[in-house]
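Visitor: Quick one: the structure is below, and I'll ask about it shortly.
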Amino acid sequence: MTSAEQLKNWRRISIALLTLVFLNGMLSFRDWWPTPGVLPDHRLSPEFVWIWMALLAAVAWRGALSPRSLNLFTFAFLLLVLGRYADVTVPSLFGRPINLYWDGANIPRFLWVAAQEKAWWQSAGIVALVVLLFWGLFRLLRVLIAIAARDAAPYALRTRWGWVMTSLAVLLAVANQAGASFTWPLVAKPVIPSYWRQVQLLAAAFSPQHQAALLPATTAVDAAMTSKSGNALGALGGRDVYLIMLESVGAVTYDDARAVQTLRPSRERFATDVAASGRHVVTAFFRSPTFAGGSDLAQLGLLSGIDLSDPMRHDVLLTTQRPTLISLFKAQGYQTFGLYPALNWEWPERAFYGFDVFLERRDLGYAGPSMGFWEVPDQFTAARFEKIHPRDNGAPPRFVFFPTITCHLPYSPVPPYQTEWSRVLAPQPFDEAETRQTLAQKPNWLNMAPDYLRMVNYTYQWLGAYFRQPEPREAIYVLVGDHQPAANITGEGASWDVPVHIVSRDSRLLASFIEQGFHPGMEPPRQAIGALHALTGMMLESFAAPATQSLAQLAPLTGVVR
């Protein structure tokens with residue numbers, strides 16, 4: 001072979017290898033959080049390995065790919081690329097994995113509404129651009145797969161290095177599928193399980209048998225819905241109920257010695273604020289169905305009274321018409337509110353929840369400086385809600401579900417606390433120097449614990465001061481940590497427990513919670529008294545009938561930290 005032929009041969013081999021690297025990259029890229037963009041990743045894609053094996057088999061059998069086979073390979077690869085894109089970008093954009101049951105119906109609706117806001121030629125241009133993009137991607141993949149079949153596959157089949165590298169890739173992919181942790185830095189998350197999960201979800205959504213196998217036959221909410229009219233919430237006497245989910249406030253705030261020392265003044269101040277408002281607090285630990293994320297599992301599990309530690313149960317539940325606390329309070333004459341400051345995108349699942357009034361970030365009209373990734377401070381959200389929907393005597397009793405967001409990864413910048421609650425609603429809620437200092441804070445991705453503790457301190461501070469605000473009419477407050485923060489804060493092997501605080505002026509109601517395992521004050525015994533979804537039944541038991549005991553003898557303990 002002449003030197004020119006050798007050079008040409010090496011060029012073909014080099015191009016073939018680069019083609020394989022590029023094809024693998026098309027199935028292993030990662031999200032560019034929090035944008036719809038993606039970034040390249042060095043890891044091996046399991047689907048690329050299986051496509052490569054199929055390509056080797058086809059070339060070994062036929063010698064070359066026919067045009068039809070090439071189109072089939074390209075179409076399959078394109079589906080995997082699209083699945084990979086959805087798998088990595090949807091969670092970062094919408095806070096949850098893709099869900100064909102809801103997204104399949106919502107995407108056409110979203111596109112139709114968006115088209116109404118544009119001229120016909122603009123909509124047509126966008127459609128043409130999307131079609132051109134898909135066509136171009138298909139053609140590019142077809143060319144690359146053709147190169148892989150023509151040059152890379154024959155080389156791999158006839159050389160020792162080709163067999164060694166292919167065997168190593170297969171072993172890594174199989175070990176990853178078997179759950180070997182050493183492969184996680186080397187092998188990307190597979191795409192095919194996401195497709196399979198959507199098949200299972202759709203099958204369960206339209207199959208009563210599948211639903212019955214995954215979900216309990218009845219819950220505490222079902223029992224309350226069938227009780228005599230007015231009895232299910234009789235102990236409330238028509239008082240408002242605020243169920244506030246405290247983002248990332250977990251048991252680490254009690255378990256970690258540094259956290260205990262750092263947060264002791266915050267808890268003492270919070271207890272003092274509660275006592276000054278004429279209220280008492282009782283506390284217990286519960287086991288969350290999730291850890292470090294997946295807040296929806298904790299939130300809907302509590303609203304439904306169903307164990308949602310399996311995410312599939314969560315998704316299947318959303319396809320049903322099972323009742324929740326929202327349904328119950330609505331049936332009992334309450335006006336139900338969903339207060340979601342984290343949301344700034346269309347959330348089709350809210351149709352399942354059925355709030356009478358739903359408020360997301362854009363509905364709150366925050367005009368102040370953007371406080372980090374989540375923009376709106378929780379103090380503003382609480383104040384703004386009361387301003388938009390005042391609790392005057394003419395308004396019906398309300399049930400408010402408020403998942404907070406400020407105490408969320410990356411826990412920085414920590415918003416300033418504004419002592420003048422009326423000012424927090426203004427376009428300039430904080431002093432200029434205070435704002436500059438806050439916005440200068442940058443997330444410390446390598447050591448989040450100090451910022452996390454400062455954020456929990458902020459949470460206790462605004463909540464305690466919130467209880468000191470004038471209250472037009474009495475309300476019961478249930479404060480629930482949704483899950484623990486990430487393991488880089490809790491350490492390895494941490495529990496999944498979260499604190500729950502019940503705050504009220506009603507001693508008899510709090511006594512009912514004490515009978516079920518709660519303790520006065522902010523420092524209960526560390527043992528969790530149950531899974532978080534069990535709290536639903538406990539609340540309904542306490543809300544249904546007055547307690548038999550009085551908390552009067554325990555009042556001195558309920559306003560202080562012991």
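Chain lettering (A, B, ...) mirrors the order of the structure tokens, residue numbering begins at 1 for each chain separately, and ligand numbering begins at 1 in order of display.
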Report the residues of segment 207-425 of chain A whose backbone DSSP state falls under strand (DSSP E or B), written as number ranges by chain.
Guide: A: 240-246, 280-287, 335-340, 357-360, 398-403
Visitor: With 12 Å as the cut-off and only C-alpha atoms counted, what is the closest atom pair between each nearby residue of segment 370-474 of chain A and segment 330-346 of chain A? Distances in Å to one decimal, ordered by chain and number, as a tab-separated table.
Guide:
residue	atom	partner	partner_atom	distance
A:Gly372	CA	A:Ala342	CA	11.9
A:Phe373	CA	A:Ala342	CA	9.7
A:Trp374	CA	A:Ala342	CA	6.4
A:Glu375	CA	A:Ala342	CA	8.6
A:Val376	CA	A:Pro341	CA	6.9
A:Pro377	CA	A:Pro341	CA	8.7
A:Asp378	CA	A:Pro341	CA	7.9
A:Gln379	CA	A:Pro341	CA	10.9
A:Phe380	CA	A:Pro341	CA	9.8
A:Thr381	CA	A:Pro341	CA	6.8
A:Ala382	CA	A:Leu339	CA	9.0
A:Ala383	CA	A:Leu339	CA	11.9
A:Arg384	CA	A:Leu339	CA	10.6
A:Phe385	CA	A:Leu339	CA	8.0
A:Glu386	CA	A:Leu339	CA	11.1
A:Ile388	CA	A:Leu339	CA	11.7
A:His389	CA	A:Phe337	CA	9.8
A:Arg391	CA	A:Gln335	CA	11.5
A:Ala395	CA	A:Gln335	CA	8.6
A:Pro396	CA	A:Tyr334	CA	6.2
A:Pro397	CA	A:Tyr334	CA	5.0
A:Arg398	CA	A:Gln335	CA	4.7
A:Phe399	CA	A:Thr336	CA	4.8
A:Val400	CA	A:Phe337	CA	4.7
A:Phe401	CA	A:Gly338	CA	5.1
A:Phe402	CA	A:Leu339	CA	4.8
A:Pro403	CA	A:Tyr340	CA	6.1
A:Thr404	CA	A:Pro341	CA	7.1
A:Ile405	CA	A:Ala342	CA	5.8
A:Thr406	CA	A:Ala342	CA	8.5
A:Cys407	CA	A:Ala342	CA	11.1
A:His408	CA	A:Ala342	CA	9.9
Visitor: Please save C-alpha atoms of the selected residues as a CSV table (one decimal), in the first residue's frame.
Guide:
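Saved the output as selection-v6.csv:
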chain,number,residue,atom,x,y,z
A,372,GLY,CA,-31.5,34.1,42.6
A,373,PHE,CA,-32.9,31.2,40.6
A,374,TRP,CA,-36.3,31.4,42.1
A,375,GLU,CA,-36.7,35.2,42.0
A,376,VAL,CA,-39.6,35.7,44.5
A,377,PRO,CA,-38.8,35.8,48.3
A,378,ASP,CA,-41.3,33.7,50.3
A,379,GLN,CA,-42.0,36.7,52.6
A,380,PHE,CA,-43.3,38.6,49.6
A,381,THR,CA,-45.4,35.7,48.5
A,382,ALA,CA,-47.1,35.4,51.9
A,383,ALA,CA,-47.7,39.2,52.1
A,384,ARG,CA,-48.9,39.5,48.5
A,385,PHE,CA,-51.4,36.7,48.9
A,386,GLU,CA,-53.0,38.3,51.9
A,388,ILE,CA,-54.7,40.1,46.8
A,389,HIS,CA,-57.1,37.9,48.8
A,391,ARG,CA,-59.4,37.6,54.9
A,395,ALA,CA,-65.0,35.8,52.4
A,396,PRO,CA,-65.7,32.1,52.8
A,397,PRO,CA,-63.4,30.0,55.0
A,398,ARG,CA,-60.3,29.1,53.1
A,399,PHE,CA,-57.9,26.2,52.6
A,400,VAL,CA,-54.5,27.4,51.4
A,401,PHE,CA,-51.9,25.1,50.0
A,402,PHE,CA,-48.6,27.0,49.8
A,403,PRO,CA,-45.4,25.2,48.7
A,404,THR,CA,-42.6,27.7,49.5
A,405,ILE,CA,-39.6,28.0,47.2
A,406,THR,CA,-36.9,30.3,48.6
A,407,CYS,CA,-35.2,27.6,50.7
A,408,HIS,CA,-34.4,25.6,47.5
Visitor: Between A:Val241, A:Leu325, A:Leu7, A:Val164, which one has atoms that come closest to Ala224 of chain A, using only C-alpha atoms?
Guide: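 That would be A:Leu325, the residue with the smallest distance to Ala224 of chain A.
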Visitor: Could you pull out the helix (DSSP H, G or I) residues of segment 109-319 of chain A from DSSP and send them as number ranges by chain?
Guide: A: 109-116, 120-158, 160-177, 181-183, 192-205, 208-214, 220-225, 234-236, 252-255, 257-276, 295-304, 311-317
Visitor: Give me the residues within 7 Å of Ala251 of chain A as a list in words, counting only C-alpha atoms and dropping any in the same chain fewer than 2 places off.
Guide: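 Everything that qualifies: Thr253, Tyr254, Asp255, Gln484, Asp497, Val498 and Pro499 of chain A.
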Visitor: So that I can check the surroundings of Ala86 of chain A, please list as a compact mmCIF listing (two decimals) with N, CA and C atoms, in the first residue's frame every protein, DNA and RNA residue that reaches within 12 Å of it, counting only C-alpha atoms and ignoring chain neighbours fewer than 3 positions away.
Guide:
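Once everything was written out, this is result-v1.txt:
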# COMPACT_ATOMS: atom_id res chain seq x y z
N LEU A 27 -26.51 10.97 22.18
CA LEU A 27 -27.36 10.22 23.11
C LEU A 27 -26.86 10.31 24.56
N PHE A 29 -25.69 13.67 25.87
CA PHE A 29 -25.57 15.07 26.30
C PHE A 29 -26.36 15.28 27.59
N ARG A 30 -26.05 16.37 28.28
CA ARG A 30 -26.71 16.71 29.54
C ARG A 30 -27.39 18.07 29.41
N ASP A 31 -28.23 18.38 30.39
CA ASP A 31 -28.97 19.64 30.32
C ASP A 31 -28.07 20.82 30.67
N PRO A 36 -33.32 25.58 27.95
CA PRO A 36 -33.65 24.43 27.09
C PRO A 36 -32.45 23.91 26.31
N GLY A 37 -31.29 24.51 26.51
CA GLY A 37 -30.10 24.06 25.80
C GLY A 37 -29.48 22.83 26.43
N VAL A 38 -28.53 22.23 25.72
CA VAL A 38 -27.83 21.04 26.21
C VAL A 38 -26.33 21.25 26.07
N LEU A 79 -35.44 8.90 17.24
CA LEU A 79 -36.35 8.75 18.38
C LEU A 79 -35.57 8.76 19.70
N LEU A 80 -34.43 8.10 19.71
CA LEU A 80 -33.62 8.08 20.93
C LEU A 80 -33.06 9.46 21.24
N VAL A 81 -32.65 10.20 20.22
CA VAL A 81 -32.14 11.56 20.44
C VAL A 81 -33.23 12.45 21.02
N LEU A 82 -34.43 12.37 20.44
CA LEU A 82 -35.54 13.18 20.95
C LEU A 82 -35.91 12.77 22.37
N GLY A 83 -35.88 11.47 22.65
CA GLY A 83 -36.15 11.00 24.00
C GLY A 83 -35.11 11.49 24.99
N THR A 89 -34.00 17.78 29.57
CA THR A 89 -34.39 19.18 29.65
C THR A 89 -35.71 19.41 30.38
N VAL A 90 -36.66 18.50 30.24
CA VAL A 90 -37.97 18.70 30.89
C VAL A 90 -37.84 18.82 32.40
N PRO A 91 -37.06 17.96 33.09
CA PRO A 91 -36.94 18.14 34.55
C PRO A 91 -36.35 19.48 34.95
N SER A 92 -35.38 20.00 34.20
CA SER A 92 -34.78 21.27 34.58
C SER A 92 -35.69 22.44 34.26
N LEU A 93 -36.56 22.31 33.26
CA LEU A 93 -37.45 23.40 32.89
C LEU A 93 -38.75 23.36 33.67
N PHE A 94 -39.29 22.17 33.93
CA PHE A 94 -40.62 22.04 34.53
C PHE A 94 -40.61 21.39 35.90
N ARG A 96 -40.08 18.37 36.80
CA ARG A 96 -40.54 16.98 36.86
C ARG A 96 -40.17 16.30 35.55
N PRO A 97 -40.14 14.95 35.52
CA PRO A 97 -39.88 14.25 34.27
C PRO A 97 -41.02 14.45 33.28
N ILE A 98 -40.77 14.13 32.04
CA ILE A 98 -41.81 14.22 31.02
C ILE A 98 -42.94 13.25 31.36
N ASN A 99 -44.15 13.66 31.05
CA ASN A 99 -45.34 12.86 31.37
C ASN A 99 -46.27 12.93 30.17
N LEU A 100 -46.29 11.86 29.37
CA LEU A 100 -47.07 11.89 28.13
C LEU A 100 -48.56 12.05 28.38
N ASP A 103 -48.58 15.97 29.20
CA ASP A 103 -47.92 16.77 28.17
C ASP A 103 -48.49 16.49 26.79
N VAL A 191 -32.03 5.97 27.91
CA VAL A 191 -33.24 6.63 27.44
C VAL A 191 -34.42 5.66 27.36
N SER A 194 -37.12 5.45 30.00
CA SER A 194 -38.07 6.57 30.01
C SER A 194 -39.23 6.29 29.06
N TYR A 195 -38.92 5.75 27.88
CA TYR A 195 -39.99 5.38 26.95
C TYR A 195 -40.87 4.28 27.56
Visitor: List the neighbours of segment 278-285 of chain A out to 10 Å using only C-alpha atoms; skip same-chain residues closer than 3 positions along the sequence, and give me the result as a PyMOL selection string.
Guide: chain A and resi 250-251+271-275+288+467-468+476-481+496-507+510-511+513-514+516-532+551+554-560
Visitor: Calculated over only C-alpha atoms, which of the candidates A:Asp222, A:Glu247, A:Asp315, A:Glu47 has the smallest distance to Pro193 of chain A?
Guide: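 Closest to Pro193 of chain A, using only C-alpha atoms: A:Glu47.
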Visitor: Would you mind reading off the distance between atom CA of Met455 of chain A and atom CA of Gly368 of chain A, one decimal, in Å?
Guide: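 It comes out at 18.8 Å.
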Visitor: I want to know what sits within 12 Å of segment 55-66 of chain A, based on only C-alpha atoms, with residues of the same chain fewer than 2 positions away left out; could you give that as a tab-separated table (two decimals) with N, CA, C and O atoms, in the first residue's frame?
Guide:
chain	number	residue	atom	x	y	z
A	20	LEU	N	-18.35	8.01	15.35
A	20	LEU	CA	-18.86	7.23	16.48
A	20	LEU	C	-18.92	8.09	17.74
A	20	LEU	O	-19.88	8.01	18.52
A	48	PHE	N	-26.40	3.93	22.51
A	48	PHE	CA	-25.42	3.92	21.43
A	48	PHE	C	-24.75	2.55	21.31
A	48	PHE	O	-24.51	2.04	20.21
A	49	VAL	N	-24.47	1.94	22.47
A	49	VAL	CA	-23.84	0.61	22.45
A	49	VAL	C	-24.75	-0.40	21.76
A	49	VAL	O	-24.29	-1.19	20.92
A	50	TRP	N	-26.07	-0.35	22.08
A	50	TRP	CA	-26.98	-1.33	21.47
A	50	TRP	C	-27.17	-1.05	19.98
A	50	TRP	O	-27.26	-1.99	19.18
A	51	ILE	N	-27.23	0.21	19.61
A	51	ILE	CA	-27.31	0.54	18.17
A	51	ILE	C	-26.05	0.06	17.45
A	51	ILE	O	-26.11	-0.49	16.33
A	52	TRP	N	-24.91	0.27	18.08
A	52	TRP	CA	-23.63	-0.16	17.49
A	52	TRP	C	-23.59	-1.68	17.33
A	52	TRP	O	-23.16	-2.19	16.28
A	53	MET	N	-24.07	-2.41	18.33
A	53	MET	CA	-24.10	-3.86	18.22
A	53	MET	C	-25.02	-4.31	17.08
A	53	MET	O	-24.70	-5.23	16.33
A	68	ARG	N	-33.32	0.94	2.88
A	68	ARG	CA	-34.41	0.77	3.84
A	68	ARG	C	-33.85	0.55	5.25
A	68	ARG	O	-34.34	1.13	6.23
A	69	SER	N	-32.83	-0.32	5.37
A	69	SER	CA	-32.23	-0.56	6.69
A	69	SER	C	-31.59	0.70	7.24
A	69	SER	O	-31.69	0.99	8.45
A	70	LEU	N	-30.94	1.47	6.36
A	70	LEU	CA	-30.33	2.72	6.80
A	70	LEU	C	-31.38	3.68	7.32
A	70	LEU	O	-31.18	4.34	8.36
A	71	ASN	N	-32.52	3.76	6.67
A	71	ASN	CA	-33.61	4.64	7.13
A	71	ASN	C	-34.16	4.16	8.48
A	71	ASN	O	-34.47	4.98	9.35
A	72	LEU	N	-34.28	2.84	8.65
A	72	LEU	CA	-34.78	2.31	9.92
A	72	LEU	C	-33.83	2.63	11.07
A	72	LEU	O	-34.25	3.04	12.15
A	73	PHE	N	-32.53	2.43	10.84
A	73	PHE	CA	-31.53	2.77	11.86
A	73	PHE	C	-31.60	4.26	12.20
A	73	PHE	O	-31.54	4.65	13.36
A	74	THR	N	-31.73	5.08	11.17
A	74	THR	CA	-31.75	6.54	11.38
A	74	THR	C	-33.00	6.95	12.15
A	74	THR	O	-32.93	7.78	13.06
A	77	PHE	N	-32.64	5.97	15.75
A	77	PHE	CA	-31.67	6.84	16.41
A	77	PHE	C	-32.28	8.21	16.69
A	77	PHE	O	-32.08	8.79	17.77
A	142	ARG	N	-28.50	10.24	9.23
A	142	ARG	CA	-28.43	9.22	8.17
A	142	ARG	C	-27.03	9.16	7.57
A	142	ARG	O	-26.48	8.08	7.32
A	145	ILE	N	-24.64	7.59	10.25
A	145	ILE	CA	-24.82	6.14	10.40
A	145	ILE	C	-24.31	5.41	9.16
A	145	ILE	O	-23.75	4.30	9.26
A	146	ALA	N	-24.47	6.02	8.00
A	146	ALA	CA	-23.93	5.42	6.78
A	146	ALA	C	-22.41	5.31	6.86
A	146	ALA	O	-21.81	4.29	6.46
A	147	ILE	N	-21.74	6.35	7.37
A	147	ILE	CA	-20.28	6.30	7.53
A	147	ILE	C	-19.90	5.22	8.54
A	147	ILE	O	-18.95	4.46	8.32
A	148	ALA	N	-20.66	5.15	9.64
A	148	ALA	CA	-20.36	4.13	10.65
A	148	ALA	C	-20.50	2.73	10.07
A	148	ALA	O	-19.69	1.83	10.36
A	149	ALA	N	-21.53	2.52	9.25
A	149	ALA	CA	-21.75	1.20	8.66
A	149	ALA	C	-20.73	0.87	7.58
A	149	ALA	O	-20.30	-0.28	7.44
A	150	ARG	N	-20.31	1.88	6.84
A	150	ARG	CA	-19.40	1.64	5.71
A	150	ARG	C	-17.95	1.51	6.15
A	150	ARG	O	-17.19	0.68	5.60
A	151	ASP	N	-17.53	2.33	7.13
A	151	ASP	CA	-16.12	2.39	7.49
A	151	ASP	C	-15.82	1.85	8.89
A	151	ASP	O	-14.87	1.06	9.07
A	152	ALA	N	-16.63	2.29	9.90
A	152	ALA	CA	-16.31	1.92	11.28
A	152	ALA	C	-16.62	0.46	11.57
A	152	ALA	O	-15.81	-0.24	12.19
A	153	ALA	N	-17.79	-0.01	11.15
A	153	ALA	CA	-18.19	-1.38	11.47
A	153	ALA	C	-17.25	-2.43	10.85
A	153	ALA	O	-16.81	-3.36	11.55
A	154	PRO	N	-16.92	-2.34	9.55
A	154	PRO	CA	-16.00	-3.34	8.99
A	154	PRO	C	-14.63	-3.33	9.69
A	154	PRO	O	-14.04	-4.39	9.91
A	155	TYR	N	-14.15	-2.13	10.05
A	155	TYR	CA	-12.86	-2.04	10.74
A	155	TYR	C	-12.94	-2.73	12.10
A	155	TYR	O	-12.03	-3.47	12.50
A	156	ALA	N	-14.04	-2.49	12.83
A	156	ALA	CA	-14.21	-3.10	14.16
A	156	ALA	C	-14.32	-4.61	14.06
A	156	ALA	O	-13.84	-5.35	14.93
A	157	LEU	N	-14.95	-5.11	12.98
A	157	LEU	CA	-15.15	-6.55	12.84
A	157	LEU	C	-13.87	-7.30	12.49
A	157	LEU	O	-13.75	-8.49	12.80
A	158	ARG	N	-12.91	-6.62	11.87
A	158	ARG	CA	-11.72	-7.35	11.42
A	158	ARG	C	-10.47	-7.05	12.25
A	158	ARG	O	-9.39	-7.57	11.95
A	162	GLY	N	-10.93	-3.38	17.66
A	162	GLY	CA	-12.37	-3.17	17.48
A	162	GLY	C	-13.17	-4.08	18.39
A	162	GLY	O	-14.14	-3.65	19.04
A	163	TRP	N	-12.77	-5.34	18.49
A	163	TRP	CA	-13.48	-6.28	19.36
A	163	TRP	C	-13.27	-5.94	20.84
A	163	TRP	O	-14.20	-6.04	21.66
A	166	THR	N	-15.33	-2.74	21.69
A	166	THR	CA	-16.76	-3.06	21.67
A	166	THR	C	-17.14	-3.89	22.88
A	166	THR	O	-18.16	-3.64	23.54
Visitor: Which one is closest to Pro46 of chain A: A:Ala259, A:Leu141, A:Leu168, A:Val127? Count only C-alpha atoms.
Guide: A:Leu168
